[in-house]
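Visitor: Below you'll find the structure I mean.
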Amino acid sequence: MTFTGVGVSPGRVLGTVRQMPAQVSEPPAGEPLDPSTSAEDAAAALRAASSAVQADLKSRAERAHGDAKAVLQATAQMATDSMLLKTAVKHIDRGLSAERAIWEASASVAEMLHNLGGYMAERSTDVFDVRSRIVAQLRGVPAPGIPTATTPFVLVAEDLAPADTATLDPDQIIALVTSGGGPQSHTAIIARALGLPAVVAAVGADALADGTEVYIDGAAGTIVVDPGAEELAAATAWTAMASRLSDFDGNGRTADGHLVPLLANVGGAKDAVAAAAAGAQGVGLLRTEFCFLGRDTEPSIEEQVEAYRGVFDAFGGKKVVIRTLDAGADKPLPFLTDATEPNPALGVRGYRTDWTTPGVLDRQLAAIASATEGSAADVWVMAPMIATVDEAEHFASMCASAGLKTPGVMVEIPAAALRSELIFEHVEFASIGTNDLTQYTMAADRQLGPLAALNSPWQPAVLQLIGLTVAGAVAEGHDKPVGVCGEAAADPALAVVLTGLGVSTLSMTSRALAAVAAVLASVTLDQAKDLAQLALAAPTAAAAKESVRSRLPVLAELGL
């Protein structure tokens, strides 16, 4: 038996299935408040439980870093969400038990978020995760989570809550399989960051019994039950071949010597140190949210300076591209964003928060400028969610006022790609966020498994927008660099296409550096250009991916 899904992180392994444990059981419908407990006491117990859950998640966040830290901090915020708790307390006042009250309140809040779509639909997963933890706390039983075993295993689930993906142990879990989710889900992103073979949207795989032997091909997106000699040979070959991908000499280039600097996406100083050790040629995306998430108030300039300087110090003499705060949508901040927006994915987020809460961005730019003082890093600054020429011009003027010399923009809204030539009259560079660019271009929520095919950066329409951005960067003698910092850059085959489209730099999780470097080194620049045109001419994303991969034999050799 074979299950097919979307391969999101390469690798070929054999292992034994362990299913995520059953969720916390639902309290009986209409379960009344114990007559010996007052509504006030029940509400107090509920608030205490939610605070305990938040404290536990924050504690785990302190031990994590990068994407994992940000995920845990965001989930911790949800544990004491005022709307969630107020709704639950109203149910208690109507006579329901605390467990039933939080259960029903969570269901209504999650439904509201799901109906909003986009990033907010993803937050519904956080709500259900928090609900289970609060109910477990009220019952005095262990919180749900990833199973443990005496030997490494393949973790299989319908989907993983953000807090679960953030605490995966790669020494215990050798691969991930989910029947839901999409290529840009939390599961996919964390799997790539950890270097775990992973397949998502594999319908039916969550029915596999514990103890089932399986073969996982994280590049092809297949799960083979009861593997035989062929699969054993493939897994053995992958293990041997993986050693070829363990090192990166620090120079991204094609076979004919065309330089393609390979940079790292990082979320803080720890990530930066690890990326530098992996050979990253700089930082293509420093996510500054790590300074802001999990807080009720804006961090001081001094706190920000210290945090940014830790990253700059890890890359002395090299480029560090820092993205200003990308708050909103799936990263709400109580002092900056409005949780009641009807469609936050299309709302006040990123650069737009300066319209409604001026001052935060100015202070962040001042902190970045202060952090550059005495640093040998070459610091570039870009704003997320830029849609128009005047927004780009305004951000560039803000950078100039702060003393920052290299302003840029994220291209993740199709309008920015279409108007890139005029935008480049005001900024020095652009970096393409392929995750959001794909989502907005295809009108496909990146978290939904049924939309995984639409939500692929291989979509010819997305590649065409990338090409238009590059064309705008070189028009009228601009000669401005365009990088890619979305997850697409970590796909070795797609990295070749992006290079062929004229992208200057590629930024990714540091674990992907060696694989991307190896595949780039197998083609000349002209071959990359030919493959890019082949992908652009394809009728579908699947056809584009298949046609390019079939012309890159190195992928099969490396198990990619």
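For the structure tokens, the naming scheme is as follows: chains receive sequential letters (A, B, ...) according to their order of presentation, residues are indexed from 1 within each chain, and ligands are indexed from 1 in presentation order.
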Quick one: which stretch 477-499 of chain A residues come within 10 Å of stretch 285-293 of chain A, and what is the nearest atom pair for each with the distance in Å to one decimal, counting only C-alpha atoms, rows ordered by chain and ascending number, as a Markdown table?
Guide:
| residue | atom | partner | partner_atom | distance |
| --- | --- | --- | --- | --- |
| A:Gly483 | CA | A:Leu285 | CA | 9.9 |
| A:Val484 | CA | A:Leu285 | CA | 9.3 |
| A:Cys485 | CA | A:Leu285 | CA | 6.3 |
| A:Gly486 | CA | A:Leu285 | CA | 9.0 |
Visitor: Give the alpha helix (DSSP H) residues of stretch 249-380 of chain A, as assigned by DSSP on the backbone, as an mmCIF file with N, CA and C atoms, in the first residue's frame.
Guide:
data_model
loop_
_atom_site.group_PDB
_atom_site.id
_atom_site.type_symbol
_atom_site.label_atom_id
_atom_site.label_comp_id
_atom_site.auth_asym_id
_atom_site.auth_seq_id
_atom_site.Cartn_x
_atom_site.Cartn_y
_atom_site.Cartn_z
ATOM 1 N N ALA A 269 19.792 35.544 17.348
ATOM 2 C CA ALA A 269 21.236 35.352 17.407
ATOM 3 C C ALA A 269 21.633 33.880 17.370
ATOM 4 N N LYS A 270 20.887 33.005 18.070
ATOM 5 C CA LYS A 270 21.222 31.579 18.060
ATOM 6 C C LYS A 270 21.142 31.005 16.655
ATOM 7 N N ASP A 271 20.077 31.373 15.947
ATOM 8 C CA ASP A 271 19.944 30.935 14.555
ATOM 9 C C ASP A 271 21.115 31.444 13.716
ATOM 10 N N ALA A 272 21.490 32.698 13.944
ATOM 11 C CA ALA A 272 22.550 33.307 13.147
ATOM 12 C C ALA A 272 23.887 32.603 13.360
ATOM 13 N N VAL A 273 24.190 32.269 14.597
ATOM 14 C CA VAL A 273 25.445 31.558 14.892
ATOM 15 C C VAL A 273 25.457 30.195 14.208
ATOM 16 N N ALA A 274 24.313 29.493 14.255
ATOM 17 C CA ALA A 274 24.229 28.186 13.605
ATOM 18 C C ALA A 274 24.340 28.323 12.093
ATOM 19 N N ALA A 275 23.736 29.356 11.532
ATOM 20 C CA ALA A 275 23.800 29.565 10.088
ATOM 21 C C ALA A 275 25.217 29.893 9.639
ATOM 22 N N ALA A 276 25.899 30.705 10.412
ATOM 23 C CA ALA A 276 27.287 31.033 10.080
ATOM 24 C C ALA A 276 28.154 29.779 10.110
ATOM 25 N N ALA A 277 27.911 28.916 11.094
ATOM 26 C CA ALA A 277 28.667 27.667 11.187
ATOM 27 C C ALA A 277 28.373 26.749 10.017
ATOM 28 N N ILE A 301 13.934 50.406 22.753
ATOM 29 C CA ILE A 301 14.987 50.511 21.731
ATOM 30 C C ILE A 301 16.231 49.762 22.199
ATOM 31 N N GLU A 302 16.550 49.872 23.483
ATOM 32 C CA GLU A 302 17.740 49.206 24.015
ATOM 33 C C GLU A 302 17.632 47.687 23.901
ATOM 34 N N GLU A 303 16.460 47.144 24.178
ATOM 35 C CA GLU A 303 16.251 45.702 24.055
ATOM 36 C C GLU A 303 16.413 45.254 22.612
ATOM 37 N N GLN A 304 15.868 46.039 21.695
ATOM 38 C CA GLN A 304 15.979 45.692 20.282
ATOM 39 C C GLN A 304 17.434 45.755 19.813
ATOM 40 N N VAL A 305 18.132 46.788 20.236
ATOM 41 C CA VAL A 305 19.536 46.936 19.826
ATOM 42 C C VAL A 305 20.337 45.697 20.222
ATOM 43 N N GLU A 306 20.164 45.258 21.439
ATOM 44 C CA GLU A 306 20.897 44.085 21.919
ATOM 45 C C GLU A 306 20.571 42.848 21.098
ATOM 46 N N ALA A 307 19.291 42.666 20.771
ATOM 47 C CA ALA A 307 18.874 41.490 20.011
ATOM 48 C C ALA A 307 19.429 41.510 18.588
ATOM 49 N N TYR A 308 19.358 42.654 17.929
ATOM 50 C CA TYR A 308 19.835 42.745 16.543
ATOM 51 C C TYR A 308 21.360 42.616 16.473
ATOM 52 N N ARG A 309 22.031 43.209 17.431
ATOM 53 C CA ARG A 309 23.493 43.188 17.403
ATOM 54 C C ARG A 309 24.030 41.761 17.502
ATOM 55 N N GLY A 310 23.315 40.896 18.204
ATOM 56 C CA GLY A 310 23.757 39.506 18.297
ATOM 57 C C GLY A 310 23.800 38.826 16.935
ATOM 58 N N VAL A 311 22.863 39.185 16.066
ATOM 59 C CA VAL A 311 22.860 38.637 14.704
ATOM 60 C C VAL A 311 23.958 39.282 13.872
ATOM 61 N N PHE A 312 24.078 40.600 13.974
ATOM 62 C CA PHE A 312 25.100 41.308 13.201
ATOM 63 C C PHE A 312 26.501 40.789 13.536
ATOM 64 N N ASP A 313 26.742 40.518 14.812
ATOM 65 C CA ASP A 313 28.064 40.059 15.239
ATOM 66 C C ASP A 313 28.416 38.699 14.643
ATOM 67 N N ALA A 314 27.393 37.875 14.378
ATOM 68 C CA ALA A 314 27.652 36.545 13.815
ATOM 69 C C ALA A 314 28.045 36.618 12.352
ATOM 70 N N THR A 353 1.023 48.762 9.586
ATOM 71 C CA THR A 353 0.754 49.104 10.989
ATOM 72 C C THR A 353 1.208 50.522 11.312
ATOM 73 N N ASP A 354 2.098 51.077 10.491
ATOM 74 C CA ASP A 354 2.552 52.452 10.731
ATOM 75 C C ASP A 354 1.437 53.453 10.445
ATOM 76 N N TRP A 355 0.438 53.033 9.663
ATOM 77 C CA TRP A 355 -0.684 53.931 9.392
ATOM 78 C C TRP A 355 -1.550 54.107 10.630
ATOM 79 N N THR A 356 -1.750 53.026 11.362
ATOM 80 C CA THR A 356 -2.680 53.050 12.496
ATOM 81 C C THR A 356 -1.991 53.271 13.839
ATOM 82 N N VAL A 360 5.990 53.075 16.171
ATOM 83 C CA VAL A 360 6.638 51.779 16.410
ATOM 84 C C VAL A 360 7.703 51.516 15.355
ATOM 85 N N LEU A 361 7.373 51.764 14.085
ATOM 86 C CA LEU A 361 8.332 51.521 13.008
ATOM 87 C C LEU A 361 9.505 52.496 13.096
ATOM 88 N N ASP A 362 9.228 53.751 13.399
ATOM 89 C CA ASP A 362 10.317 54.728 13.546
ATOM 90 C C ASP A 362 11.290 54.293 14.640
ATOM 91 N N ARG A 363 10.754 53.826 15.753
ATOM 92 C CA ARG A 363 11.623 53.403 16.856
ATOM 93 C C ARG A 363 12.397 52.138 16.488
ATOM 94 N N GLN A 364 11.769 51.251 15.716
ATOM 95 C CA GLN A 364 12.498 50.061 15.303
ATOM 96 C C GLN A 364 13.652 50.421 14.372
ATOM 97 N N LEU A 365 13.407 51.333 13.444
ATOM 98 C CA LEU A 365 14.480 51.752 12.544
ATOM 99 C C LEU A 365 15.607 52.435 13.324
ATOM 100 N N ALA A 366 15.244 53.200 14.337
ATOM 101 C CA ALA A 366 16.275 53.831 15.175
ATOM 102 C C ALA A 366 17.093 52.767 15.890
ATOM 103 N N ALA A 367 16.432 51.701 16.352
ATOM 104 C CA ALA A 367 17.137 50.615 17.037
ATOM 105 C C ALA A 367 18.075 49.891 16.075
ATOM 106 N N ILE A 368 17.614 49.657 14.862
ATOM 107 C CA ILE A 368 18.463 48.989 13.865
ATOM 108 C C ILE A 368 19.688 49.850 13.578
ATOM 109 N N ALA A 369 19.467 51.141 13.406
ATOM 110 C CA ALA A 369 20.590 52.045 13.136
ATOM 111 C C ALA A 369 21.588 52.027 14.289
ATOM 112 N N SER A 370 21.096 52.046 15.510
ATOM 113 C CA SER A 370 21.998 52.007 16.670
ATOM 114 C C SER A 370 22.769 50.695 16.720
ATOM 115 N N ALA A 371 22.100 49.599 16.359
ATOM 116 C CA ALA A 371 22.757 48.293 16.397
ATOM 117 C C ALA A 371 23.860 48.176 15.357
ATOM 118 N N THR A 372 23.772 48.962 14.288
ATOM 119 C CA THR A 372 24.814 48.897 13.255
ATOM 120 C C THR A 372 26.085 49.632 13.672
#
Visitor: Select, from A:Leu196, A:Pro21, A:Thr37, A:Glu111, the residue with the minimum atom-to-atom distance to A:Ala209, counting only C-alpha atoms.
Guide: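 Ranked by minimum distance to A:Ala209, first place goes to A:Pro21.
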Visitor: At a cut-off of 12 Å, can you tabulate as JSON lines every residue of stretch 116-191 of chain A near stretch 213-223 of chain A together with its closest atom pair and the distance in Å to one decimal, using only C-alpha atoms and ordering rows by chain then number?
Guide:
{"residue": "A:Phe153", "atom": "CA", "partner": "A:Glu213", "partner_atom": "CA", "distance": 9.6}
{"residue": "A:Val154", "atom": "CA", "partner": "A:Val214", "partner_atom": "CA", "distance": 8.2}
{"residue": "A:Leu155", "atom": "CA", "partner": "A:Val214", "partner_atom": "CA", "distance": 10.9}
{"residue": "A:Val156", "atom": "CA", "partner": "A:Val214", "partner_atom": "CA", "distance": 10.8}
{"residue": "A:Ile174", "atom": "CA", "partner": "A:Ile216", "partner_atom": "CA", "distance": 9.7}
{"residue": "A:Ala175", "atom": "CA", "partner": "A:Ile216", "partner_atom": "CA", "distance": 7.3}
{"residue": "A:Leu176", "atom": "CA", "partner": "A:Ile216", "partner_atom": "CA", "distance": 8.6}
{"residue": "A:Val177", "atom": "CA", "partner": "A:Ile223", "partner_atom": "CA", "distance": 8.3}
{"residue": "A:Thr178", "atom": "CA", "partner": "A:Ile223", "partner_atom": "CA", "distance": 10.8}
{"residue": "A:Ser179", "atom": "CA", "partner": "A:Ile223", "partner_atom": "CA", "distance": 11.3}
{"residue": "A:Pro183", "atom": "CA", "partner": "A:Gly221", "partner_atom": "CA", "distance": 11.0}
{"residue": "A:Ala188", "atom": "CA", "partner": "A:Gly218", "partner_atom": "CA", "distance": 10.6}
{"residue": "A:Ala191", "atom": "CA", "partner": "A:Gly218", "partner_atom": "CA", "distance": 10.1}
Visitor: When distances are computed from only C-alpha atoms, which of A:Thr80, A:Gln54, A:Gln19, A:Thr406 shows the smallest separation from A:Lys480?
Guide: A:Thr406
Visitor: Excluding A:Thr505 and its own-chain neighbours fewer than 3 positions away, which residues fall within 10 Å of it when counting only C-alpha atoms? Please give them as an mmCIF file with C-alpha atoms, in the first residue's frame.
Guide:
data_model
loop_
_atom_site.group_PDB
_atom_site.id
_atom_site.type_symbol
_atom_site.label_atom_id
_atom_site.label_comp_id
_atom_site.auth_asym_id
_atom_site.auth_seq_id
_atom_site.Cartn_x
_atom_site.Cartn_y
_atom_site.Cartn_z
ATOM 1 C CA GLY A 252 26.997 29.288 -4.150
ATOM 2 C CA LEU A 259 27.844 33.455 -8.357
ATOM 3 C CA VAL A 260 24.578 32.934 -6.494
ATOM 4 C CA PRO A 261 25.172 33.837 -2.833
ATOM 5 C CA LEU A 262 23.298 31.455 -0.531
ATOM 6 C CA LEU A 263 22.030 33.174 2.584
ATOM 7 C CA GLN A 281 27.126 33.688 3.012
ATOM 8 C CA GLY A 284 18.758 37.078 3.638
ATOM 9 C CA SER A 431 13.383 40.301 -1.605
ATOM 10 C CA PRO A 481 19.472 43.060 -6.785
ATOM 11 C CA VAL A 482 16.448 40.824 -6.209
ATOM 12 C CA GLY A 483 16.627 37.989 -3.698
ATOM 13 C CA VAL A 484 14.220 35.267 -2.687
ATOM 14 C CA CYS A 485 13.733 34.576 1.019
ATOM 15 C CA ALA A 489 14.583 29.064 -2.235
ATOM 16 C CA ALA A 495 16.488 27.324 -6.860
ATOM 17 C CA LEU A 498 14.938 31.175 -9.734
ATOM 18 C CA THR A 499 18.562 31.609 -10.757
ATOM 19 C CA GLY A 502 17.681 36.339 -12.767
#
Visitor: If we count only C-alpha atoms and set the cut-off at 7 Å, which residues sit around stretch 232-241 of chain A, ignoring sequence neighbours fewer than 5 positions away in its own chain? Please answer as a ChimeraX atom specification.
Guide: /A:11-14,558-559
Visitor: Which residues come within 8 Å of stretch 462-466 of chain A, counting only C-alpha atoms, excluding same-chain residues fewer than 4 positions away, as a list of chain:residue names?
Guide: A:Pro414, A:Ala417, A:Leu418, A:Ile432, A:Leu437, A:Thr438, A:Thr441, A:Pro457, A:Trp458, A:Val470, A:Leu501, A:Ala535, A:Leu536
Visitor: Give the answer as one residue: which of A:Val266, A:Ala453, A:Val89, A:Arg446 has the shortest atom-to-atom distance to A:Val6, using only C-alpha atoms?
Guide: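 Among the listed residues, the smallest separation from A:Val6 belongs to A:Ala453.
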Visitor: Taking 2 positions as the minimum chain separation for residues in the same chain, which residues sit within 10 Å of A:Asp159 when counting only C-alpha atoms? Answer as a VMD selection string.
Guide: chain A and resid 20 125 156 to 157 161 to 162 164 to 165 176 to 182 185 to 187 200 to 201 206 449
Visitor: Dump N, CA and C atoms for the selected residues as an mmCIF file, in the first residue's frame?
Guide:
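File produced: selection-v2.cif:
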data_model
loop_
_atom_site.group_PDB
_atom_site.id
_atom_site.type_symbol
_atom_site.label_atom_id
_atom_site.label_comp_id
_atom_site.auth_asym_id
_atom_site.auth_seq_id
_atom_site.Cartn_x
_atom_site.Cartn_y
_atom_site.Cartn_z
ATOM 1 N N MET A 20 0.105 10.393 16.710
ATOM 2 C CA MET A 20 -0.151 11.370 17.770
ATOM 3 C C MET A 20 -1.252 10.825 18.666
ATOM 4 N N THR A 125 -6.148 26.501 14.656
ATOM 5 C CA THR A 125 -5.382 25.369 15.164
ATOM 6 C C THR A 125 -4.815 25.689 16.545
ATOM 7 N N VAL A 156 3.124 10.283 12.774
ATOM 8 C CA VAL A 156 2.001 10.413 11.848
ATOM 9 C C VAL A 156 0.841 11.077 12.579
ATOM 10 N N ALA A 157 0.190 12.011 11.908
ATOM 11 C CA ALA A 157 -0.926 12.733 12.530
ATOM 12 C C ALA A 157 -1.829 13.298 11.455
ATOM 13 N N ALA A 161 -0.289 20.642 15.860
ATOM 14 C CA ALA A 161 -0.499 21.986 16.394
ATOM 15 C C ALA A 161 0.828 22.733 16.350
ATOM 16 N N PRO A 162 0.772 24.053 16.202
ATOM 17 C CA PRO A 162 2.014 24.832 16.176
ATOM 18 C C PRO A 162 2.934 24.550 17.360
ATOM 19 N N ASP A 164 3.229 21.843 18.967
ATOM 20 C CA ASP A 164 3.851 20.531 18.798
ATOM 21 C C ASP A 164 5.001 20.592 17.798
ATOM 22 N N THR A 165 4.777 21.267 16.680
ATOM 23 C CA THR A 165 5.846 21.354 15.683
ATOM 24 C C THR A 165 7.065 22.061 16.250
ATOM 25 N N LEU A 176 8.173 12.961 9.322
ATOM 26 C CA LEU A 176 6.833 13.437 9.651
ATOM 27 C C LEU A 176 5.872 13.137 8.507
ATOM 28 N N VAL A 177 4.674 12.716 8.858
ATOM 29 C CA VAL A 177 3.621 12.500 7.863
ATOM 30 C C VAL A 177 2.325 13.057 8.435
ATOM 31 N N THR A 178 1.636 13.897 7.661
ATOM 32 C CA THR A 178 0.319 14.380 8.084
ATOM 33 C C THR A 178 -0.672 14.187 6.945
ATOM 34 N N SER A 179 -1.911 13.924 7.304
ATOM 35 C CA SER A 179 -2.943 13.770 6.272
ATOM 36 C C SER A 179 -3.510 15.117 5.862
ATOM 37 N N GLY A 180 -3.288 16.136 6.675
ATOM 38 C CA GLY A 180 -3.743 17.480 6.354
ATOM 39 C C GLY A 180 -2.576 18.416 6.157
ATOM 40 N N GLY A 181 -2.846 19.720 6.245
ATOM 41 C CA GLY A 181 -1.778 20.707 6.091
ATOM 42 C C GLY A 181 -1.412 20.959 4.645
ATOM 43 N N GLY A 182 -0.525 21.907 4.453
ATOM 44 C CA GLY A 182 -0.073 22.271 3.115
ATOM 45 C C GLY A 182 1.421 22.497 3.092
ATOM 46 N N SER A 185 2.641 25.019 5.692
ATOM 47 C CA SER A 185 2.110 24.890 7.039
ATOM 48 C C SER A 185 3.244 24.918 8.060
ATOM 49 N N HIS A 186 2.889 25.061 9.331
ATOM 50 C CA HIS A 186 3.892 25.012 10.397
ATOM 51 C C HIS A 186 4.683 23.710 10.323
ATOM 52 N N THR A 187 3.976 22.605 10.088
ATOM 53 C CA THR A 187 4.637 21.299 10.025
ATOM 54 C C THR A 187 5.714 21.294 8.954
ATOM 55 N N VAL A 200 3.169 16.021 3.647
ATOM 56 C CA VAL A 200 1.902 16.542 4.169
ATOM 57 C C VAL A 200 0.800 16.269 3.150
ATOM 58 N N ALA A 201 -0.436 16.490 3.562
ATOM 59 C CA ALA A 201 -1.610 16.288 2.696
ATOM 60 C C ALA A 201 -1.663 14.874 2.133
ATOM 61 N N ASP A 206 -3.247 9.099 8.282
ATOM 62 C CA ASP A 206 -3.446 9.173 9.729
ATOM 63 C C ASP A 206 -4.172 7.948 10.287
ATOM 64 N N GLY A 449 -4.767 21.680 3.217
ATOM 65 C CA GLY A 449 -4.329 20.547 2.412
ATOM 66 C C GLY A 449 -5.022 20.442 1.073
#
Visitor: I need the residues of stretch 350-390 of chain A that end up classed as strand (DSSP E or B) by DSSP on the backbone, written out as number ranges by chain.
Guide: A: 378-383
Visitor: Kindly give the distance, in Å, that separates atom CA of A:Ala493 and atom CA of A:Tyr440, rounded to a single decimal.
Guide: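 We find that atom CA of A:Ala493 and atom CA of A:Tyr440 lie 22.7 Å from each other.
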Visitor: Give me, please, the distance in Å between atom CA of A:Ala490 and atom CA of A:Leu513, quoted to one decimal.
Guide: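 Pair atom CA of A:Ala490 / atom CA of A:Leu513 returns 7.5 Å.
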Visitor: Looking at only C-alpha atoms, which of A:Gln459, A:Thr469, A:Ser59, A:Ser550 is the one that sits closest to A:Thr167?
Guide: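 Looking only at the distances to A:Thr167, the closest residue turns out to be A:Ser59.
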Visitor: With distances taken over only C-alpha atoms, which of A:Ser456, A:Ser420, A:Gln77, A:Ser547 is nearest to A:Asp56?
Guide: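 The answer is A:Gln77, which sits nearest to A:Asp56.
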Visitor: Kindly give the distance, in Å, that separates atom CA of A:Ile92 and atom CA of A:Leu46, rounded to a single decimal.
Guide: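 Value for the atom CA of A:Ile92-atom CA of A:Leu46 distance: 9.7 Å.
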